[in-house]
Amino acid sequence: MVDLSPLIDGLDFSGCRVLLLGDLVLDRSVFGTTRRVSREAPIPVVQYAGEESAPGGAANVAANLSSLGAQVTVAGLVGDDERGAELIDCLHRLGAQTDLTRSVAGRPTTVKTRVFAGGAGTVRQQVLRLDHEPPSTPDSSLLSALAAQVVEAAAGFDAVVLSDYGYGAVDASLSARIDSVPVIVDSRMQLRHFRAAHTLKPNLSELEHSAGRDLLSHHDIETAAEELRVGSQAGAVLVTLGRDGMLLCEAQQMRRVPVFGDDEIADVTGAGDSVLAAFALALGSGMDRFDAARVATVAGAVAVNHHGTHAVRTAELQAALNHG
């Protein structure tokens, strides 16, 4: 195994400033117990026990950036409603600045509610997810104004992260309009629309969607990554491949980034956000893409060993390294 100690030992992101623009989501988890099946339908009856809320979507990227020690400013949209206020409060408690986050009247905050239930003495499992999403894309004038603010502010940061979950807050033209700092893009459905980014960070399924075909071999993945890099005029494409680590595709160069740790995975939820945050911070701190990707793979390994989304801390990177 390659020794990552020179990269991780003494790692300090406290001076790194990151501007995040993305689709902000409030994640709600409802917990209960189930002892019987409903007479009305073949479904479990869940006895409510409690609930909790956490930042989701791009807000989970902000949570990881903050927990890793960065100074984070979050730009995006929430509804002018109770859930929007709750999400803003979540971000403030993380220490994030929300001056560029707008509350929009008449537009509901995006909320994902997951119901977890189980019998007495058993592990609760997710039995239902309920999504509350805006019915349409945001007003174009609102998006233009938000994008202009992000472009104007970008020069005051060490990195810009665009986290596009498909809810419309992220203007794809921004990656070409910001040239003062590295722009790292994570987009679920429209990778090819982001031009001239420093780095695009798809997972395998997102790369397959971009390529329009199944990618069944390492050669297929490499070919699709290079097609995406050239077609989008990106500096690089970093493909996350789960247990197979990552592939860093740069001009004239393909490099594998081995997975860190073992194959034991508790939950992959939110792991891509942890990888994105660590990669952006490492770049913003002056590392090259390959070393930044190696730091990010440790963050991903920490994240998948927790159930649900987990905001990785710098100390956990060192602890993971010590435990191999």
# chains A, B, ... in the order shown; residues from 1 in each chain; ligands from 1

$ residues_around --residues "region 40-54 of chain A" --least-positions-apart "6" --cutoff "10 Å" --atoms "only C-alpha atoms" --output "ChimeraX atom specification"
/A:25-34,60,63,83,86-87,90-91,111-119,127,309-310

$ write_last_selection --atoms "C-alpha atoms" --output "mmCIF file, in the first residue's frame"
data_model
loop_
_atom_site.group_PDB
_atom_site.id
_atom_site.type_symbol
_atom_site.label_atom_id
_atom_site.label_comp_id
_atom_site.auth_asym_id
_atom_site.auth_seq_id
_atom_site.Cartn_x
_atom_site.Cartn_y
_atom_site.Cartn_z
ATOM 1 C CA VAL A 25 -31.831 19.826 0.373
ATOM 2 C CA LEU A 26 -33.103 19.185 3.881
ATOM 3 C CA ASP A 27 -32.805 15.520 4.851
ATOM 4 C CA ARG A 28 -35.397 14.397 7.430
ATOM 5 C CA SER A 29 -35.183 11.026 9.122
ATOM 6 C CA VAL A 30 -38.265 9.683 10.889
ATOM 7 C CA PHE A 31 -37.745 6.757 13.263
ATOM 8 C CA GLY A 32 -40.236 4.238 14.569
ATOM 9 C CA THR A 33 -40.974 0.661 15.460
ATOM 10 C CA THR A 34 -43.217 -1.793 13.692
ATOM 11 C CA ASN A 60 -24.154 17.890 2.752
ATOM 12 C CA ALA A 63 -21.277 20.006 5.984
ATOM 13 C CA ARG A 83 -38.154 23.832 6.239
ATOM 14 C CA GLU A 86 -34.557 24.906 9.345
ATOM 15 C CA LEU A 87 -32.019 24.231 6.583
ATOM 16 C CA CYS A 90 -28.456 23.744 9.983
ATOM 17 C CA LEU A 91 -25.901 25.554 7.819
ATOM 18 C CA VAL A 111 -37.040 17.960 1.464
ATOM 19 C CA LYS A 112 -36.256 14.247 1.434
ATOM 20 C CA THR A 113 -37.944 12.356 4.255
ATOM 21 C CA ARG A 114 -36.787 8.834 5.018
ATOM 22 C CA VAL A 115 -38.752 6.581 7.346
ATOM 23 C CA PHE A 116 -36.715 4.016 9.295
ATOM 24 C CA ALA A 117 -38.472 1.258 11.202
ATOM 25 C CA GLY A 118 -37.847 -2.127 12.732
ATOM 26 C CA GLY A 119 -39.113 -4.521 15.339
ATOM 27 C CA VAL A 127 -39.018 1.498 4.606
ATOM 28 C CA THR A 309 -24.610 10.817 5.573
ATOM 29 C CA HIS A 310 -21.498 11.573 7.604
#

$ select_by_dssp --residues "region 131-269 of chain A" --states "strand (DSSP E or B)" --output "PyMOL selection string"
chain A and resi 131-132+159-164+183-187+199-200+203+236-240+246-250+253-257

$ write_last_selection --atoms "C-alpha atoms" --output "short mmCIF file (atom, residue, chain, number, x, y, z; two decimals), in the first residue's frame"
data_model
loop_
_atom_site.label_atom_id
_atom_site.label_comp_id
_atom_site.auth_asym_id
_atom_site.auth_seq_id
_atom_site.Cartn_x
_atom_site.Cartn_y
_atom_site.Cartn_z
CA ASP A 131 -39.61 13.63 -1.61
CA HIS A 132 -41.04 17.13 -1.52
CA ALA A 159 -11.86 26.99 -4.76
CA VAL A 160 -15.41 26.99 -6.11
CA VAL A 161 -17.60 23.87 -5.94
CA LEU A 162 -20.68 23.45 -8.13
CA SER A 163 -22.92 20.69 -6.77
CA ASP A 164 -25.77 20.06 -9.23
CA VAL A 183 -13.89 25.14 -10.26
CA ILE A 184 -14.83 21.57 -9.34
CA VAL A 185 -18.13 20.26 -10.73
CA ASP A 186 -20.31 17.41 -9.51
CA SER A 187 -23.42 17.13 -11.69
CA THR A 199 -12.19 19.15 -12.77
CA LEU A 200 -15.42 17.25 -13.39
CA ASN A 203 -19.35 8.58 -10.47
CA ALA A 236 -9.52 16.75 -15.88
CA VAL A 237 -12.19 14.18 -15.11
CA LEU A 238 -12.07 12.34 -11.77
CA VAL A 239 -14.30 9.24 -11.86
CA THR A 240 -15.23 7.64 -8.54
CA MET A 246 -10.89 6.36 -8.76
CA LEU A 247 -9.67 7.17 -12.24
CA LEU A 248 -8.00 10.53 -12.86
CA CYS A 249 -8.14 11.46 -16.53
CA GLU A 250 -5.92 14.41 -17.47
CA GLN A 253 -2.39 10.92 -18.77
CA MET A 254 -4.60 8.31 -17.08
CA ARG A 255 -3.89 7.46 -13.44
CA ARG A 256 -5.56 5.03 -11.09
CA VAL A 257 -6.17 6.05 -7.48
#

$ residues_around --residues "Val181 (chain A)" --least-positions-apart "3" --cutoff "8 Å" --atoms "only C-alpha atoms" --output "PyMOL selection string"
chain A and resi 154-155+157-160+178

$ write_last_selection --atoms "C-alpha atoms" --output "compact mmCIF listing (two decimals), in the first residue's frame"
# COMPACT_ATOMS: atom_id res chain seq x y z
CA ALA A 154 -15.31 33.80 -6.67
CA ALA A 155 -11.97 35.63 -6.72
CA PHE A 157 -11.93 32.10 -2.47
CA ASP A 158 -9.42 29.27 -2.92
CA ALA A 159 -11.86 26.99 -4.76
CA VAL A 160 -15.41 26.99 -6.11
CA ILE A 178 -14.83 31.70 -13.34

$ closest_atom_pairs --of "region 48-99 of chain A" --to "region 271-275 of chain A" --cutoff "9 Å" --atoms "only C-alpha atoms" --output "JSON lines"
{"residue": "A:Gly57", "atom": "CA", "partner": "A:Asp273", "partner_atom": "CA", "distance": 8.3}
{"residue": "A:Ala58", "atom": "CA", "partner": "A:Asp273", "partner_atom": "CA", "distance": 7.8}
{"residue": "A:Asn60", "atom": "CA", "partner": "A:Asp273", "partner_atom": "CA", "distance": 6.6}
{"residue": "A:Val61", "atom": "CA", "partner": "A:Asp273", "partner_atom": "CA", "distance": 5.0}
{"residue": "A:Ala62", "atom": "CA", "partner": "A:Asp273", "partner_atom": "CA", "distance": 8.7}
{"residue": "A:Ala63", "atom": "CA", "partner": "A:Ser274", "partner_atom": "CA", "distance": 8.9}
{"residue": "A:Asn64", "atom": "CA", "partner": "A:Ser274", "partner_atom": "CA", "distance": 5.8}
{"residue": "A:Leu65", "atom": "CA", "partner": "A:Ser274", "partner_atom": "CA", "distance": 8.0}

$ write_last_selection --atoms "N, CA and C atoms" --output "short mmCIF file (atom, residue, chain, number, x, y, z; two decimals), in the first residue's frame"
data_model
loop_
_atom_site.label_atom_id
_atom_site.label_comp_id
_atom_site.auth_asym_id
_atom_site.auth_seq_id
_atom_site.Cartn_x
_atom_site.Cartn_y
_atom_site.Cartn_z
N GLY A 57 -28.15 16.92 -0.02
CA GLY A 57 -27.79 17.44 -1.34
C GLY A 57 -26.50 18.24 -1.24
N ALA A 58 -26.47 19.41 -1.90
CA ALA A 58 -25.27 20.24 -1.84
C ALA A 58 -24.97 20.71 -0.42
N ASN A 60 -25.02 18.90 2.13
CA ASN A 60 -24.15 17.89 2.75
C ASN A 60 -22.70 18.08 2.34
N VAL A 61 -22.47 18.58 1.12
CA VAL A 61 -21.11 18.95 0.73
C VAL A 61 -20.59 20.06 1.64
N ALA A 62 -21.46 21.04 1.92
CA ALA A 62 -21.09 22.13 2.82
C ALA A 62 -20.76 21.59 4.21
N ALA A 63 -21.53 20.61 4.67
CA ALA A 63 -21.28 20.01 5.98
C ALA A 63 -19.90 19.36 6.02
N ASN A 64 -19.52 18.67 4.95
CA ASN A 64 -18.20 18.04 4.90
C ASN A 64 -17.09 19.07 4.80
N LEU A 65 -17.29 20.11 4.00
CA LEU A 65 -16.29 21.17 3.91
C LEU A 65 -16.06 21.80 5.27
#

$ select_by_dssp --residues "region 119-305 of chain A" --states "alpha helix (DSSP H)" --output "count of residues only"
71

$ closest_residue --among "A:Gly168, A:Gly242, A:Gly286, A:Gly69" --to "Ala301 (chain A)" --atoms "only C-alpha atoms"
A:Gly242

$ residues_around --residues "Gln71 (chain A)" --least-positions-apart "3" --cutoff "9 Å" --atoms "only C-alpha atoms" --output "ChimeraX atom specification"
/A:13-19,65-66,95-97

$ closest_residue --among "A:Val37, A:Ala225, A:Leu276, A:Leu77" --to "Asp23 (chain A)" --atoms "only C-alpha atoms"
A:Leu77

$ residues_around --residues "Gly106 (chain A)" --least-positions-apart "6" --cutoff "10 Å" --atoms "only C-alpha atoms" --output "PyMOL selection string"
chain A and resi 79-81+134

$ write_last_selection --atoms "C-alpha atoms" --output "PDB file, in the first residue's frame"
ATOM      1  CA  GLY A  79     -38.135  28.155   0.129  1.00  0.00           C
ATOM      2  CA  ASP A  80     -39.447  30.953   2.296  1.00  0.00           C
ATOM      3  CA  ASP A  81     -40.956  28.348   4.582  1.00  0.00           C
ATOM      4  CA  PRO A 134     -40.420  22.295  -6.291  1.00  0.00           C
TER       5      PRO A 134
END

$ atom_distance --atom1 "CA of Thr297 (chain A)" --atom2 "CA of Gln190 (chain A)"
24.0 Å

$ residues_around --residues "Val150 (chain A)" --least-positions-apart "5" --cutoff "10 Å" --atoms "only C-alpha atoms" --output "list in words"
Leu19, Leu20, Leu21, Val74, Ala75, Gly76, Leu100, Ser144, Ala145, Ala155, Val160, Leu174, Arg177 and Ile178 of chain A

$ write_last_selection --atoms "N, CA and C atoms" --output "PDB file, in the first residue's frame"
ATOM      1  N   LEU A  19     -16.201  28.484  -1.894  1.00  0.00           N
ATOM      2  CA  LEU A  19     -17.536  28.959  -2.262  1.00  0.00           C
ATOM      3  C   LEU A  19     -18.286  27.799  -2.901  1.00  0.00           C
ATOM      4  N   LEU A  20     -19.410  27.428  -2.324  1.00  0.00           N
ATOM      5  CA  LEU A  20     -20.222  26.314  -2.811  1.00  0.00           C
ATOM      6  C   LEU A  20     -21.542  26.835  -3.361  1.00  0.00           C
ATOM      7  N   LEU A  21     -21.828  26.524  -4.614  1.00  0.00           N
ATOM      8  CA  LEU A  21     -23.145  26.785  -5.190  1.00  0.00           C
ATOM      9  C   LEU A  21     -23.777  25.441  -5.514  1.00  0.00           C
ATOM     10  N   VAL A  74     -22.055  29.370   1.355  1.00  0.00           N
ATOM     11  CA  VAL A  74     -23.016  28.572   0.597  1.00  0.00           C
ATOM     12  C   VAL A  74     -23.937  29.494  -0.203  1.00  0.00           C
ATOM     13  N   ALA A  75     -24.025  29.235  -1.498  1.00  0.00           N
ATOM     14  CA  ALA A  75     -24.957  29.935  -2.380  1.00  0.00           C
ATOM     15  C   ALA A  75     -25.990  28.926  -2.875  1.00  0.00           C
ATOM     16  N   GLY A  76     -27.245  29.340  -2.926  1.00  0.00           N
ATOM     17  CA  GLY A  76     -28.285  28.444  -3.399  1.00  0.00           C
ATOM     18  C   GLY A  76     -29.651  29.016  -3.100  1.00  0.00           C
ATOM     19  N   LEU A 100     -25.143  34.362   0.410  1.00  0.00           N
ATOM     20  CA  LEU A 100     -25.509  34.185  -0.990  1.00  0.00           C
ATOM     21  C   LEU A 100     -26.628  33.154  -1.178  1.00  0.00           C
ATOM     22  N   SER A 144     -30.019  34.123 -12.849  1.00  0.00           N
ATOM     23  CA  SER A 144     -28.996  34.996 -13.430  1.00  0.00           C
ATOM     24  C   SER A 144     -28.378  35.891 -12.368  1.00  0.00           C
ATOM     25  N   ALA A 145     -29.220  36.422 -11.484  1.00  0.00           N
ATOM     26  CA  ALA A 145     -28.718  37.289 -10.417  1.00  0.00           C
ATOM     27  C   ALA A 145     -27.829  36.505  -9.450  1.00  0.00           C
ATOM     28  N   ALA A 155     -13.388  35.299  -6.841  1.00  0.00           N
ATOM     29  CA  ALA A 155     -11.970  35.635  -6.720  1.00  0.00           C
ATOM     30  C   ALA A 155     -11.497  35.699  -5.269  1.00  0.00           C
ATOM     31  N   VAL A 160     -13.955  26.905  -5.933  1.00  0.00           N
ATOM     32  CA  VAL A 160     -15.408  26.986  -6.105  1.00  0.00           C
ATOM     33  C   VAL A 160     -15.921  25.586  -6.416  1.00  0.00           C
ATOM     34  N   LEU A 174     -21.340  28.772 -15.416  1.00  0.00           N
ATOM     35  CA  LEU A 174     -20.423  29.326 -14.418  1.00  0.00           C
ATOM     36  C   LEU A 174     -19.029  28.734 -14.497  1.00  0.00           C
ATOM     37  N   ARG A 177     -17.116  30.795 -16.709  1.00  0.00           N
ATOM     38  CA  ARG A 177     -17.075  32.222 -16.372  1.00  0.00           C
ATOM     39  C   ARG A 177     -16.162  32.527 -15.191  1.00  0.00           C
ATOM     40  N   ILE A 178     -15.720  31.506 -14.491  1.00  0.00           N
ATOM     41  CA  ILE A 178     -14.830  31.697 -13.340  1.00  0.00           C
ATOM     42  C   ILE A 178     -13.462  31.137 -13.692  1.00  0.00           C
TER      43      ILE A 178
END

$ residues_around --residues "Val78 (chain A)" --least-positions-apart "6" --cutoff "6 Å" --atoms "only C-alpha atoms" --output "list in words"
Gly84, Ser103 and Thr109 of chain A

$ closest_residue --among "A:Ala172, A:Pro258, A:His218, A:Ala224" --to "Val295 (chain A)" --atoms "only C-alpha atoms"
A:Pro258

$ closest_residue --among "A:Ala315, A:Ala197, A:Leu128, A:Ala169" --to "Ser141 (chain A)" --atoms "only C-alpha atoms"
A:Ala169
